[in-house]
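Asks: target_23.cif is the file, holding mmCIF, C-alpha atoms and all ligand atoms:
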data_query
#
loop_
_atom_site.group_PDB
_atom_site.id
_atom_site.type_symbol
_atom_site.label_atom_id
_atom_site.label_comp_id
_atom_site.auth_asym_id
_atom_site.auth_seq_id
_atom_site.Cartn_x
_atom_site.Cartn_y
_atom_site.Cartn_z
ATOM 1 C CA MET A 1 -79.849 -21.279 36.207
ATOM 2 C CA ARG A 2 -82.156 -20.706 33.312
ATOM 3 C CA LEU A 3 -79.784 -20.971 30.354
ATOM 4 C CA ALA A 4 -78.416 -24.233 29.058
ATOM 5 C CA PHE A 5 -75.936 -24.724 26.276
ATOM 6 C CA ASP A 6 -76.781 -27.240 23.630
ATOM 7 C CA PHE A 7 -74.717 -28.045 20.556
ATOM 8 C CA THR A 8 -77.462 -29.811 18.709
ATOM 9 C CA ALA A 9 -80.625 -27.961 19.678
ATOM 10 C CA PRO A 10 -82.613 -26.568 16.781
ATOM 11 C CA ALA A 11 -83.269 -22.845 16.623
ATOM 12 C CA MET A 12 -85.482 -21.674 19.426
ATOM 13 C CA GLY A 13 -88.477 -20.691 17.478
ATOM 14 C CA TRP A 14 -91.482 -18.513 17.489
ATOM 15 C CA SER A 15 -91.978 -19.873 13.975
ATOM 16 C CA GLN A 16 -90.588 -22.772 11.977
ATOM 17 C CA SER A 17 -88.287 -23.845 9.118
ATOM 18 C CA ALA A 18 -86.143 -22.555 6.228
ATOM 19 C CA SER A 19 -83.049 -20.415 6.069
ATOM 20 C CA VAL A 20 -81.605 -18.399 3.206
ATOM 21 C CA GLU A 21 -78.268 -19.168 1.581
ATOM 22 C CA ASP A 22 -75.289 -17.117 2.534
ATOM 23 C CA ALA A 23 -74.852 -14.381 -0.035
ATOM 24 C CA ASP A 24 -71.872 -12.592 1.494
ATOM 25 C CA ASP A 25 -68.604 -13.038 -0.400
ATOM 26 C CA GLU A 26 -66.352 -12.643 2.640
ATOM 27 C CA SER A 27 -68.123 -15.113 4.860
ATOM 28 C CA THR A 28 -68.702 -18.824 4.944
ATOM 29 C CA GLY A 29 -71.012 -18.722 7.929
ATOM 30 C CA GLN A 30 -74.753 -18.412 8.092
ATOM 31 C CA ARG A 31 -76.381 -15.159 7.060
ATOM 32 C CA TYR A 32 -79.110 -13.814 9.318
ATOM 33 C CA ARG A 33 -81.891 -11.353 8.649
ATOM 34 C CA ALA A 34 -81.015 -9.406 11.793
ATOM 35 C CA ILE A 35 -78.342 -9.493 14.483
ATOM 36 C CA PHE A 36 -78.700 -7.770 17.850
ATOM 37 C CA ILE A 37 -75.636 -7.172 20.006
ATOM 38 C CA SER A 38 -75.005 -4.913 22.998
ATOM 39 C CA ASP A 39 -72.632 -4.205 25.857
ATOM 40 C CA LEU A 40 -69.419 -4.578 23.846
ATOM 41 C CA HIS A 41 -67.701 -2.019 26.121
ATOM 42 C CA LEU A 42 -65.073 -1.077 23.530
ATOM 43 C CA GLY A 43 -62.384 0.945 25.261
ATOM 44 C CA THR A 44 -62.072 -1.408 28.215
ATOM 45 C CA PRO A 45 -59.716 -4.401 28.674
ATOM 46 C CA GLY A 46 -62.779 -6.581 29.365
ATOM 47 C CA CYS A 47 -64.133 -6.249 25.831
ATOM 48 C CA GLN A 48 -63.683 -9.500 23.904
ATOM 49 C CA ALA A 49 -63.046 -7.752 20.606
ATOM 50 C CA ASP A 50 -61.291 -10.657 18.835
ATOM 51 C CA ALA A 51 -64.154 -13.041 19.489
ATOM 52 C CA LEU A 52 -66.596 -10.367 18.369
ATOM 53 C CA LEU A 53 -64.656 -9.850 15.133
ATOM 54 C CA ASP A 54 -64.788 -13.584 14.441
ATOM 55 C CA PHE A 55 -68.507 -13.613 15.111
ATOM 56 C CA MET A 56 -69.155 -10.667 12.787
ATOM 57 C CA LYS A 57 -66.965 -12.140 10.048
ATOM 58 C CA ALA A 58 -68.839 -15.416 10.271
ATOM 59 C CA HIS A 59 -72.312 -13.926 10.171
ATOM 60 C CA PRO A 60 -73.414 -11.272 7.698
ATOM 61 C CA SER A 61 -76.902 -9.816 8.063
ATOM 62 C CA ASP A 62 -79.443 -7.414 6.540
ATOM 63 C CA PHE A 63 -79.909 -5.572 9.847
ATOM 64 C CA LEU A 64 -77.438 -5.046 12.660
ATOM 65 C CA TYR A 65 -78.736 -3.502 15.878
ATOM 66 C CA LEU A 66 -76.186 -2.107 18.315
ATOM 67 C CA VAL A 67 -78.221 -2.096 21.500
ATOM 68 C CA GLY A 68 -76.104 0.216 23.660
ATOM 69 C CA ASP A 69 -72.863 0.291 25.667
ATOM 70 C CA ILE A 70 -70.930 -0.222 22.444
ATOM 71 C CA VAL A 71 -68.136 2.190 23.387
ATOM 72 C CA ASP A 72 -67.468 2.670 27.095
ATOM 73 C CA GLY A 73 -67.149 6.431 27.380
ATOM 74 C CA TRP A 74 -67.077 6.282 31.194
ATOM 75 C CA GLN A 75 -63.956 4.121 31.263
ATOM 76 C CA LEU A 76 -62.243 5.968 28.408
ATOM 77 C CA ARG A 77 -62.592 9.243 30.279
ATOM 78 C CA ARG A 78 -60.845 7.698 33.238
ATOM 79 C CA ARG A 79 -58.147 5.873 31.300
ATOM 80 C CA TRP A 80 -57.535 5.744 27.574
ATOM 81 C CA TYR A 81 -57.529 2.170 26.300
ATOM 82 C CA TRP A 82 -57.915 1.611 22.569
ATOM 83 C CA PRO A 83 -56.017 -1.360 21.087
ATOM 84 C CA GLN A 84 -56.028 -2.211 17.379
ATOM 85 C CA SER A 85 -58.695 -4.904 17.790
ATOM 86 C CA HIS A 86 -61.164 -2.304 19.080
ATOM 87 C CA ASN A 87 -60.408 -0.182 16.046
ATOM 88 C CA ASP A 88 -60.997 -3.239 13.869
ATOM 89 C CA VAL A 89 -64.456 -3.689 15.381
ATOM 90 C CA VAL A 90 -65.387 -0.097 14.525
ATOM 91 C CA GLN A 91 -63.976 -0.523 10.992
ATOM 92 C CA LYS A 92 -65.954 -3.738 10.613
ATOM 93 C CA LEU A 93 -69.174 -2.024 11.705
ATOM 94 C CA LEU A 94 -68.639 0.842 9.251
ATOM 95 C CA ARG A 95 -67.740 -1.588 6.483
ATOM 96 C CA ARG A 96 -70.945 -3.504 7.106
ATOM 97 C CA ALA A 97 -72.977 -0.319 6.808
ATOM 98 C CA ARG A 98 -71.126 0.550 3.589
ATOM 99 C CA LYS A 99 -71.902 -2.896 2.153
ATOM 100 C CA GLY A 100 -75.628 -2.357 2.513
ATOM 101 C CA CYS A 101 -76.355 -3.734 5.984
ATOM 102 C CA ARG A 102 -78.674 -1.427 7.915
ATOM 103 C CA VAL A 103 -76.734 -0.641 11.086
ATOM 104 C CA ILE A 104 -78.827 0.936 13.837
ATOM 105 C CA PHE A 105 -77.224 2.205 17.021
ATOM 106 C CA VAL A 106 -79.332 2.675 20.156
ATOM 107 C CA PRO A 107 -76.983 4.260 22.732
ATOM 108 C CA GLY A 108 -76.819 2.996 26.311
ATOM 109 C CA ASN A 109 -75.637 4.606 29.540
ATOM 110 C CA HIS A 110 -71.914 3.952 28.954
ATOM 111 C CA ASP A 111 -72.100 5.584 25.531
ATOM 112 C CA GLU A 112 -74.654 8.221 26.451
ATOM 113 C CA PHE A 113 -72.424 10.808 24.708
ATOM 114 C CA ALA A 114 -73.937 9.406 21.482
ATOM 115 C CA ARG A 115 -77.409 10.411 22.681
ATOM 116 C CA ALA A 116 -76.452 13.962 21.686
ATOM 117 C CA PHE A 117 -76.337 12.754 18.068
ATOM 118 C CA ILE A 118 -79.708 11.045 17.865
ATOM 119 C CA GLY A 119 -81.196 11.395 14.389
ATOM 120 C CA HIS A 120 -77.760 11.613 12.758
ATOM 121 C CA GLN A 121 -75.633 9.097 10.887
ATOM 122 C CA PHE A 122 -71.981 8.150 11.242
ATOM 123 C CA GLY A 123 -70.786 6.601 7.989
ATOM 124 C CA GLY A 124 -74.131 4.934 7.489
ATOM 125 C CA VAL A 125 -74.649 3.986 11.144
ATOM 126 C CA GLU A 126 -77.990 5.449 12.236
ATOM 127 C CA VAL A 127 -78.121 6.768 15.804
ATOM 128 C CA VAL A 128 -81.599 6.520 17.340
ATOM 129 C CA GLU A 129 -83.036 6.811 20.836
ATOM 130 C CA ASP A 130 -84.901 3.534 20.437
ATOM 131 C CA ALA A 131 -86.208 1.513 17.508
ATOM 132 C CA VAL A 132 -88.882 -0.944 16.470
ATOM 133 C CA HIS A 133 -87.862 -3.999 14.491
ATOM 134 C CA ARG A 134 -90.514 -5.971 12.657
ATOM 135 C CA THR A 135 -89.508 -9.600 12.225
ATOM 136 C CA ALA A 136 -90.100 -11.511 8.983
ATOM 137 C CA ASP A 137 -93.214 -13.031 10.516
ATOM 138 C CA GLY A 138 -94.623 -9.737 11.706
ATOM 139 C CA LEU A 139 -93.566 -9.481 15.346
ATOM 140 C CA ASP A 140 -92.950 -5.909 16.536
ATOM 141 C CA LEU A 141 -89.895 -5.738 18.792
ATOM 142 C CA TRP A 142 -89.054 -2.619 20.768
ATOM 143 C CA ILE A 143 -85.283 -2.044 20.826
ATOM 144 C CA THR A 144 -83.923 -0.222 23.877
ATOM 145 C CA HIS A 145 -80.737 -0.536 25.926
ATOM 146 C CA GLY A 146 -82.579 -0.775 29.238
ATOM 147 C CA ASP A 147 -80.739 1.613 31.562
ATOM 148 C CA HIS A 148 -83.821 3.824 31.851
ATOM 149 C CA PHE A 149 -85.270 1.147 34.090
ATOM 150 C CA ASP A 150 -82.511 1.508 36.697
ATOM 151 C CA GLY A 151 -84.290 4.413 38.302
ATOM 152 C CA VAL A 152 -87.512 2.543 38.877
ATOM 153 C CA ILE A 153 -85.873 -0.502 40.415
ATOM 154 C CA GLN A 154 -84.779 0.284 43.943
ATOM 155 C CA CYS A 155 -81.908 -2.049 44.589
ATOM 156 C CA ALA A 156 -78.135 -2.185 44.847
ATOM 157 C CA LYS A 157 -77.342 -3.922 41.559
ATOM 158 C CA TRP A 158 -73.609 -4.262 42.204
ATOM 159 C CA LEU A 159 -74.314 -6.624 45.057
ATOM 160 C CA ALA A 160 -75.389 -9.215 42.525
ATOM 161 C CA TYR A 161 -71.713 -9.663 41.729
ATOM 162 C CA LEU A 162 -70.594 -10.283 45.285
ATOM 163 C CA GLY A 163 -68.175 -13.183 45.377
ATOM 164 C CA ASP A 164 -66.941 -15.580 47.996
ATOM 165 C CA ASN A 165 -63.761 -13.595 48.578
ATOM 166 C CA LEU A 166 -65.741 -10.515 49.325
ATOM 167 C CA TYR A 167 -67.912 -12.541 51.655
ATOM 168 C CA GLU A 168 -64.819 -13.709 53.559
ATOM 169 C CA PHE A 169 -63.664 -10.128 53.732
ATOM 170 C CA THR A 170 -67.066 -9.111 54.991
ATOM 171 C CA LEU A 171 -66.870 -11.575 57.846
ATOM 172 C CA LYS A 172 -63.496 -10.162 58.839
ATOM 173 C CA LEU A 173 -64.805 -6.635 58.588
ATOM 174 C CA ASN A 174 -67.789 -7.671 60.641
ATOM 175 C CA ARG A 175 -65.510 -8.799 63.469
ATOM 176 C CA HIS A 176 -63.632 -5.507 63.521
ATOM 177 C CA LEU A 177 -66.804 -3.496 63.230
ATOM 178 C CA ASN A 178 -68.396 -5.239 66.182
ATOM 179 C CA TYR A 179 -65.225 -4.922 68.231
ATOM 180 C CA ILE A 180 -65.511 -1.159 67.774
ATOM 181 C CA ARG A 181 -69.263 -1.201 68.361
ATOM 182 C CA ALA A 182 -68.726 -3.112 71.623
ATOM 183 C CA ARG A 183 -66.159 -0.559 72.765
ATOM 184 C CA LEU A 184 -68.631 2.205 72.012
ATOM 185 C CA GLY A 185 -71.245 0.361 74.013
ATOM 186 C CA LEU A 186 -73.340 -0.452 70.950
ATOM 187 C CA PRO A 187 -75.095 -3.832 70.503
ATOM 188 C CA TYR A 188 -73.921 -6.522 68.066
ATOM 189 C CA TRP A 189 -74.924 -5.922 64.454
ATOM 190 C CA SER A 190 -74.345 -8.445 61.663
ATOM 191 C CA LEU A 191 -72.894 -6.897 58.563
ATOM 192 C CA SER A 192 -72.869 -10.229 56.739
ATOM 193 C CA ALA A 193 -76.523 -10.838 57.468
ATOM 194 C CA TYR A 194 -77.268 -7.366 56.176
ATOM 195 C CA LEU A 195 -75.293 -8.031 52.972
ATOM 196 C CA LYS A 196 -76.889 -11.433 52.472
ATOM 197 C CA HIS A 197 -80.232 -9.738 52.577
ATOM 198 C CA LYS A 198 -78.979 -7.246 49.995
ATOM 199 C CA VAL A 199 -77.704 -10.021 47.690
ATOM 200 C CA LYS A 200 -81.111 -11.647 47.741
ATOM 201 C CA LYS A 201 -82.591 -8.336 46.734
ATOM 202 C CA ALA A 202 -79.937 -7.980 44.015
ATOM 203 C CA LEU A 203 -80.896 -11.323 42.491
ATOM 204 C CA ASN A 204 -84.453 -10.078 42.523
ATOM 205 C CA TYR A 205 -83.184 -7.100 40.573
ATOM 206 C CA VAL A 206 -82.702 -9.167 37.405
ATOM 207 C CA THR A 207 -86.270 -10.440 37.500
ATOM 208 C CA GLN A 208 -87.631 -7.002 38.322
ATOM 209 C CA PHE A 209 -85.673 -5.510 35.436
ATOM 210 C CA GLU A 210 -86.963 -8.123 32.991
ATOM 211 C CA VAL A 211 -90.559 -7.692 34.091
ATOM 212 C CA ALA A 212 -90.331 -3.879 33.998
ATOM 213 C CA VAL A 213 -88.876 -3.822 30.465
ATOM 214 C CA ALA A 214 -91.410 -6.344 29.150
ATOM 215 C CA HIS A 215 -94.243 -4.401 30.781
ATOM 216 C CA GLU A 216 -93.139 -1.142 29.163
ATOM 217 C CA ALA A 217 -92.873 -2.829 25.732
ATOM 218 C CA LYS A 218 -96.449 -4.057 26.130
ATOM 219 C CA ARG A 219 -97.638 -0.630 27.280
ATOM 220 C CA ARG A 220 -96.143 0.820 24.090
ATOM 221 C CA GLY A 221 -98.062 -1.693 22.021
ATOM 222 C CA HIS A 222 -95.202 -4.008 20.997
ATOM 223 C CA GLN A 223 -95.219 -7.788 21.114
ATOM 224 C CA GLY A 224 -91.662 -8.042 22.297
ATOM 225 C CA VAL A 225 -88.551 -6.230 23.390
ATOM 226 C CA VAL A 226 -84.816 -6.538 22.769
ATOM 227 C CA CYS A 227 -82.520 -4.981 25.367
ATOM 228 C CA GLY A 228 -79.126 -5.437 27.014
ATOM 229 C CA HIS A 229 -77.634 -3.588 29.991
ATOM 230 C CA ILE A 230 -77.720 -6.283 32.693
ATOM 231 C CA HIS A 231 -75.294 -8.641 30.869
ATOM 232 C CA ARG A 232 -77.660 -11.557 31.112
ATOM 233 C CA ALA A 233 -78.767 -13.207 27.875
ATOM 234 C CA GLU A 234 -82.353 -14.370 27.997
ATOM 235 C CA MET A 235 -85.329 -15.100 25.792
ATOM 236 C CA ARG A 236 -88.638 -15.912 27.349
ATOM 237 C CA ASP A 237 -92.269 -14.943 27.516
ATOM 238 C CA ILE A 238 -93.159 -12.520 30.302
ATOM 239 C CA ASN A 239 -96.895 -12.010 30.718
ATOM 240 C CA GLY A 240 -97.500 -12.419 26.992
ATOM 241 C CA THR A 241 -94.564 -10.262 25.883
ATOM 242 C CA LEU A 242 -91.428 -11.746 24.344
ATOM 243 C CA TYR A 243 -88.473 -10.572 26.439
ATOM 244 C CA CYS A 244 -85.087 -10.857 24.705
ATOM 245 C CA ASN A 245 -81.804 -9.785 26.218
ATOM 246 C CA ASP A 246 -78.881 -10.153 23.817
ATOM 247 C CA GLY A 247 -76.325 -10.420 26.648
ATOM 248 C CA ASP A 248 -72.840 -8.928 26.270
ATOM 249 C CA TRP A 249 -69.317 -9.259 24.825
ATOM 250 C CA VAL A 250 -67.478 -8.786 28.105
ATOM 251 C CA GLU A 251 -68.394 -11.972 29.915
ATOM 252 C CA SER A 252 -70.713 -14.176 27.902
ATOM 253 C CA ARG A 253 -70.206 -13.374 24.162
ATOM 254 C CA THR A 254 -73.847 -13.658 23.213
ATOM 255 C CA ALA A 255 -76.011 -12.321 20.409
ATOM 256 C CA LEU A 256 -79.647 -12.471 19.410
ATOM 257 C CA VAL A 257 -80.241 -13.357 15.770
ATOM 258 C CA GLU A 258 -83.282 -13.465 13.535
ATOM 259 C CA HIS A 259 -83.405 -16.075 10.772
ATOM 260 C CA TYR A 260 -85.034 -15.275 7.444
ATOM 261 C CA ASP A 261 -88.291 -16.916 8.488
ATOM 262 C CA GLY A 262 -88.520 -14.723 11.594
ATOM 263 C CA THR A 263 -87.205 -17.324 14.026
ATOM 264 C CA LEU A 264 -85.341 -15.694 16.888
ATOM 265 C CA GLN A 265 -82.374 -17.418 18.505
ATOM 266 C CA LEU A 266 -79.792 -16.614 21.151
ATOM 267 C CA LEU A 267 -76.231 -17.529 20.168
ATOM 268 C CA HIS A 268 -73.327 -18.093 22.492
ATOM 269 C CA TRP A 269 -69.920 -17.609 20.895
ATOM 270 C CA PRO A 270 -67.138 -19.719 22.429
ATOM 271 C CA ALA A 271 -63.989 -18.155 23.858
ATOM 272 C CA LEU A 272 -60.975 -17.979 21.557
ATOM 273 C CA GLN A 273 -59.045 -21.228 21.594
ATOM 274 C CA GLY A 274 -55.925 -20.110 19.769
ATOM 275 C CA HIS A 275 -55.191 -19.714 16.081
ATOM 276 C CA GLY A 276 -56.522 -22.088 13.516
ATOM 277 C CA THR A 277 -59.552 -23.249 15.472
ATOM 278 C CA VAL A 278 -62.956 -22.677 14.000
ATOM 279 C CA ALA A 279 -65.474 -21.358 16.453
ATOM 280 C CA VAL A 280 -68.890 -22.956 16.273
ATOM 281 C CA PRO A 281 -71.824 -20.970 17.560
ATOM 282 C CA MET A 282 -73.945 -22.796 20.093
ATOM 283 C CA ALA A 283 -77.630 -22.472 20.464
ATOM 284 C CA VAL A 284 -78.726 -21.211 23.824
ATOM 285 C CA ALA A 285 -81.825 -23.053 24.789
ATOM 286 C CA VAL A 286 -84.294 -21.494 27.144
ATOM 287 C CA ILE A 287 -85.575 -23.942 29.715
ATOM 288 C CA PRO A 288 -89.115 -23.084 30.760
ATOM 289 C CA GLN A 289 -89.420 -22.118 34.402
HETATM 290 MN MN MN A 301 -75.648 -0.418 30.224
#
Step by step, read the file and then write its structure as structure tokens.
Ligand SMILES: [Mn+2]
Replies:
Amino acid sequence: MRLAFDFTAPAMGWSQSASVEDADDESTGQRYRAIFISDLHLGTPGCQADALLDFMKAHPSDFLYLVGDIVDGWQLRRRWYWPQSHNDVVQKLLRRARKGCRVIFVPGNHDEFARAFIGHQFGGVEVVEDAVHRTADGLDLWITHGDHFDGVIQCAKWLAYLGDNLYEFTLKLNRHLNYIRARLGLPYWSLSAYLKHKVKKALNYVTQFEVAVAHEAKRRGHQGVVCGHIHRAEMRDINGTLYCNDGDWVESRTALVEHYDGTLQLLHWPALQGHGTVAVPMAVAVIPQ
């Protein structure tokens, strides 16, 4: 486990000090220079839209990067799911753009329909294939969703999510399978051993993805990269390139933010705890490997 949650940790920094006063009239929270979010999956029951709304209300910014899988077109095609809170998120994004925040949308694989509109604007939201963000202290960050790297990584990604229940089921299946194999005169073959091997490879997938994305950012001449896609928030140096993954708003409710001095920080937003409670963002510290 590489991420630790720390209430008191100072901003994880690539530079030090100072923050600018909140200038937004509707918010009492801290204003950031840039906010990077991805994998909201609006249009699915998994999307934590209410928490996201609270986060956006609390934190105004000069730049807002939507790093792909904002709307889940795949799921919506299968089954229409669009509650009011998802509408509110879209309204909030458009309102932000109207109020002078530069909102940049880099489509992902689940909202690839938006890739047909690259170069256009929706109510002030710019749709681009990828982007480069220069931080206040001059770091060039390549902004891409990350799904283009799926093709180069040969592994069954879904196996990373195998749970204990499925493992139990596998053992059962294994028994039946080998009963049939025995009747057909075939030798014993362990399905669970095969799957275990696959899971190991799936865990490797995350590392391979991170290294591949960082490598491509370097090849393109950038000092860092911000991506999403694998739903795993992370910020660390990979072979001299700053790899940032802003996580997701389905499972972990995480965002990458840039302070006014260029300091980059991963934030973890707590789950909703009922009405009247004030959510406090936690710093996500990166423990060196
Ligand atoms: Mn994706």
Asks: Which residues are near ligand MN 301 (chain A) - at most 8 Å, using all atoms listed in the file? Format: as a PyMOL selection string.
Replies: chain A and resi 39+68-69+108-110+145-147+228-230
Asks: Now that the selection is made, can you save its residues with C-alpha atoms as a compact mmCIF listing (two decimals), in the coordinates of the input?
Replies:
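What follows is the written file out_25.txt:
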# COMPACT_ATOMS: atom_id res chain seq x y z
CA ASP A 39 -72.63 -4.20 25.86
CA GLY A 68 -76.10 0.22 23.66
CA ASP A 69 -72.86 0.29 25.67
CA GLY A 108 -76.82 3.00 26.31
CA ASN A 109 -75.64 4.61 29.54
CA HIS A 110 -71.91 3.95 28.95
CA HIS A 145 -80.74 -0.54 25.93
CA GLY A 146 -82.58 -0.78 29.24
CA ASP A 147 -80.74 1.61 31.56
CA GLY A 228 -79.13 -5.44 27.01
CA HIS A 229 -77.63 -3.59 29.99
CA ILE A 230 -77.72 -6.28 32.69
Asks: Name the closest residue to Arg79 in chain A among the candidates A:Phe63, A:Gly43, A:Gly100, A:Tyr179; distances are taken between atoms, counting all atoms listed in the file.
Replies: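 Result for the nearest residue to Arg79 in chain A: A:Gly43.
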Asks: Can you list what the PyMOL selection byres (((chain A and resi 215-217) around 10) and not hetatm) grabs from this structure, as a PDB file with C-alpha atoms, keeping the file's coordinate frame?
Replies:
ATOM      1  CA  ASP A 140     -92.950  -5.909  16.536  1.00  0.00           C
ATOM      2  CA  LEU A 141     -89.895  -5.738  18.792  1.00  0.00           C
ATOM      3  CA  TRP A 142     -89.054  -2.619  20.768  1.00  0.00           C
ATOM      4  CA  ILE A 143     -85.283  -2.044  20.826  1.00  0.00           C
ATOM      5  CA  THR A 144     -83.923  -0.222  23.877  1.00  0.00           C
ATOM      6  CA  PHE A 149     -85.270   1.147  34.090  1.00  0.00           C
ATOM      7  CA  PHE A 209     -85.673  -5.510  35.436  1.00  0.00           C
ATOM      8  CA  GLU A 210     -86.963  -8.123  32.991  1.00  0.00           C
ATOM      9  CA  VAL A 211     -90.559  -7.692  34.091  1.00  0.00           C
ATOM     10  CA  ALA A 212     -90.331  -3.879  33.998  1.00  0.00           C
ATOM     11  CA  VAL A 213     -88.876  -3.822  30.465  1.00  0.00           C
ATOM     12  CA  ALA A 214     -91.410  -6.344  29.150  1.00  0.00           C
ATOM     13  CA  LYS A 218     -96.449  -4.057  26.130  1.00  0.00           C
ATOM     14  CA  ARG A 219     -97.638  -0.630  27.280  1.00  0.00           C
ATOM     15  CA  ARG A 220     -96.143   0.820  24.090  1.00  0.00           C
ATOM     16  CA  GLY A 221     -98.062  -1.693  22.021  1.00  0.00           C
ATOM     17  CA  HIS A 222     -95.202  -4.008  20.997  1.00  0.00           C
ATOM     18  CA  GLN A 223     -95.219  -7.788  21.114  1.00  0.00           C
ATOM     19  CA  GLY A 224     -91.662  -8.042  22.297  1.00  0.00           C
ATOM     20  CA  VAL A 225     -88.551  -6.230  23.390  1.00  0.00           C
ATOM     21  CA  VAL A 226     -84.816  -6.538  22.769  1.00  0.00           C
ATOM     22  CA  ILE A 238     -93.159 -12.520  30.302  1.00  0.00           C
ATOM     23  CA  ASN A 239     -96.895 -12.010  30.718  1.00  0.00           C
ATOM     24  CA  GLY A 240     -97.500 -12.419  26.992  1.00  0.00           C
ATOM     25  CA  THR A 241     -94.564 -10.262  25.883  1.00  0.00           C
ATOM     26  CA  LEU A 242     -91.428 -11.746  24.344  1.00  0.00           C
ATOM     27  CA  TYR A 243     -88.473 -10.572  26.439  1.00  0.00           C
TER      28      TYR A 243
END
Asks: If I take CA of Arg33 in chain A and CA of Val103 in chain A, how far is one from the other in Å, to one decimal?
Replies: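 Result for CA of Arg33 in chain A versus CA of Val103 in chain A: 12.1 Å, one decimal.
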Asks: Looking at A:Leu139, A:Leu40, A:Ala271, A:Met56, which one is nearest to Ile70 in chain A, with distances taken over all atoms listed in the file?
Replies: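 Of A:Leu139, A:Leu40, A:Ala271, A:Met56, the one nearest Ile70 in chain A, counting all atoms listed in the file, is A:Leu40.
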Asks: Tell me which of A:Lys92, A:Gln48, A:Phe105, A:Tyr65 sits closest to Phe122 in chain A, counting all atoms listed in the file.
Replies: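 Using all atoms listed in the file, the shortest distance to Phe122 in chain A belongs to A:Phe105.
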Asks: Could you tell me how far CA of Phe36 in chain A sits from CA of Arg78 in chain A, in Å to one decimal place?
Replies: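 About the pair CA of Arg78 in chain A and CA of Phe36 in chain A: they are 28.2 Å apart.
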Asks: Can you work out which one of A:His148, A:His197, A:His133, A:Arg95 has the shortest atom-to-atom distance to Gly262 in chain A, counting only C-alpha atoms?
Replies: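 Comparing A:His148, A:His197, A:His133, A:Arg95 against Gly262 in chain A, the winner is A:His133.
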Asks: Draw an axis-aligned box tight on the listed atoms of range 78-95 of chain A, then pad every side by 8 Å and write out centre and edge lengths in Å to one decimal as AutoDock Vina command-line options.
Replies:
--center_x -62.6 --center_y 1.4 --center_z 19.9 --size_x 29.2 --size_y 28.6 --size_z 42.8
Asks: So how far away is CA of Met235 in chain A from CA of Leu266 in chain A, in Å?
Replies: 7.4 Å
Asks: Skipping near chain neighbours, those fewer than 2 positions away, what residues fall within 10 Å of Asn174 in chain A using only C-alpha atoms, listed as an mmCIF file with C-alpha atoms, in the coordinates of the input?
Replies:
data_model
loop_
_atom_site.group_PDB
_atom_site.id
_atom_site.type_symbol
_atom_site.label_atom_id
_atom_site.label_comp_id
_atom_site.auth_asym_id
_atom_site.auth_seq_id
_atom_site.Cartn_x
_atom_site.Cartn_y
_atom_site.Cartn_z
ATOM 1 C CA GLU A 168 -64.819 -13.709 53.559
ATOM 2 C CA PHE A 169 -63.664 -10.128 53.732
ATOM 3 C CA THR A 170 -67.066 -9.111 54.991
ATOM 4 C CA LEU A 171 -66.870 -11.575 57.846
ATOM 5 C CA LYS A 172 -63.496 -10.162 58.839
ATOM 6 C CA HIS A 176 -63.632 -5.507 63.521
ATOM 7 C CA LEU A 177 -66.804 -3.496 63.230
ATOM 8 C CA ASN A 178 -68.396 -5.239 66.182
ATOM 9 C CA TYR A 179 -65.225 -4.922 68.231
ATOM 10 C CA ILE A 180 -65.511 -1.159 67.774
ATOM 11 C CA TYR A 188 -73.921 -6.522 68.066
ATOM 12 C CA TRP A 189 -74.924 -5.922 64.454
ATOM 13 C CA SER A 190 -74.345 -8.445 61.663
ATOM 14 C CA LEU A 191 -72.894 -6.897 58.563
ATOM 15 C CA SER A 192 -72.869 -10.229 56.739
ATOM 16 C CA ALA A 193 -76.523 -10.838 57.468
#
Asks: Between A:Asp150, A:Asp62, A:Glu126, A:Glu234, which has the minimum distance to Ala34 in chain A (counting all atoms listed in the file)?
Replies: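 Residue with the minimum atom-to-atom distance to Ala34 in chain A: A:Asp62.
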Asks: Would you mind telling me which residue in A:Cys101, A:Cys47, A:Ile37, A:Val128 lies nearest to Gln75 in chain A when using all atoms listed in the file?
Replies: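 Selected residue with least distance to Gln75 in chain A: A:Cys47.
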Asks: Given the PyMOL selection byres (((chain A and resi 127) around 9) and not hetatm) and the file above, list the residues it selects as number ranges by chain.
Replies: A: 103-107, 114-115, 117-122, 125-126, 128-130
Asks: How would you write, as number ranges by chain, the residues chosen by the PyMOL selection byres (((chain A and resi 54) around 10) and not hetatm) on this structure?
Replies: A: 49-53, 55-59, 89, 269, 272, 278-279
Asks: Within 9 Å of Trp82 in chain A, counting all atoms listed in the file, which residues qualify if same-chain residues fewer than 3 places away don't, as an MDAnalysis selection string?
Replies: chainID A and resid 42:45 76 85:87
Asks: Would you mind completing range 136-141 of chain A so that it carries N, CA and C atoms, and writing it out as a JSON list (two decimals), in the coordinates of the input?
Replies:
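Final output, selection_14.json:
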[["chain", "number", "residue", "atom", "x", "y", "z"],
["A", 136, "ALA", "N", -89.57, -11.02, 10.26],
["A", 136, "ALA", "CA", -90.10, -11.51, 8.98],
["A", 136, "ALA", "C", -91.52, -12.05, 9.13],
["A", 137, "ASP", "N", -91.85, -12.54, 10.34],
["A", 137, "ASP", "CA", -93.21, -13.03, 10.52],
["A", 137, "ASP", "C", -94.09, -12.06, 11.31],
["A", 138, "GLY", "N", -93.71, -10.79, 11.26],
["A", 138, "GLY", "CA", -94.62, -9.74, 11.71],
["A", 138, "GLY", "C", -94.66, -9.42, 13.19],
["A", 139, "LEU", "N", -93.62, -9.79, 13.91],
["A", 139, "LEU", "CA", -93.57, -9.48, 15.35],
["A", 139, "LEU", "C", -92.89, -8.12, 15.53],
["A", 140, "ASP", "N", -93.53, -7.23, 16.27],
["A", 140, "ASP", "CA", -92.95, -5.91, 16.54],
["A", 140, "ASP", "C", -92.11, -5.95, 17.80],
["A", 141, "LEU", "N", -90.80, -5.71, 17.65],
["A", 141, "LEU", "CA", -89.90, -5.74, 18.79],
["A", 141, "LEU", "C", -89.39, -4.33, 19.10]]
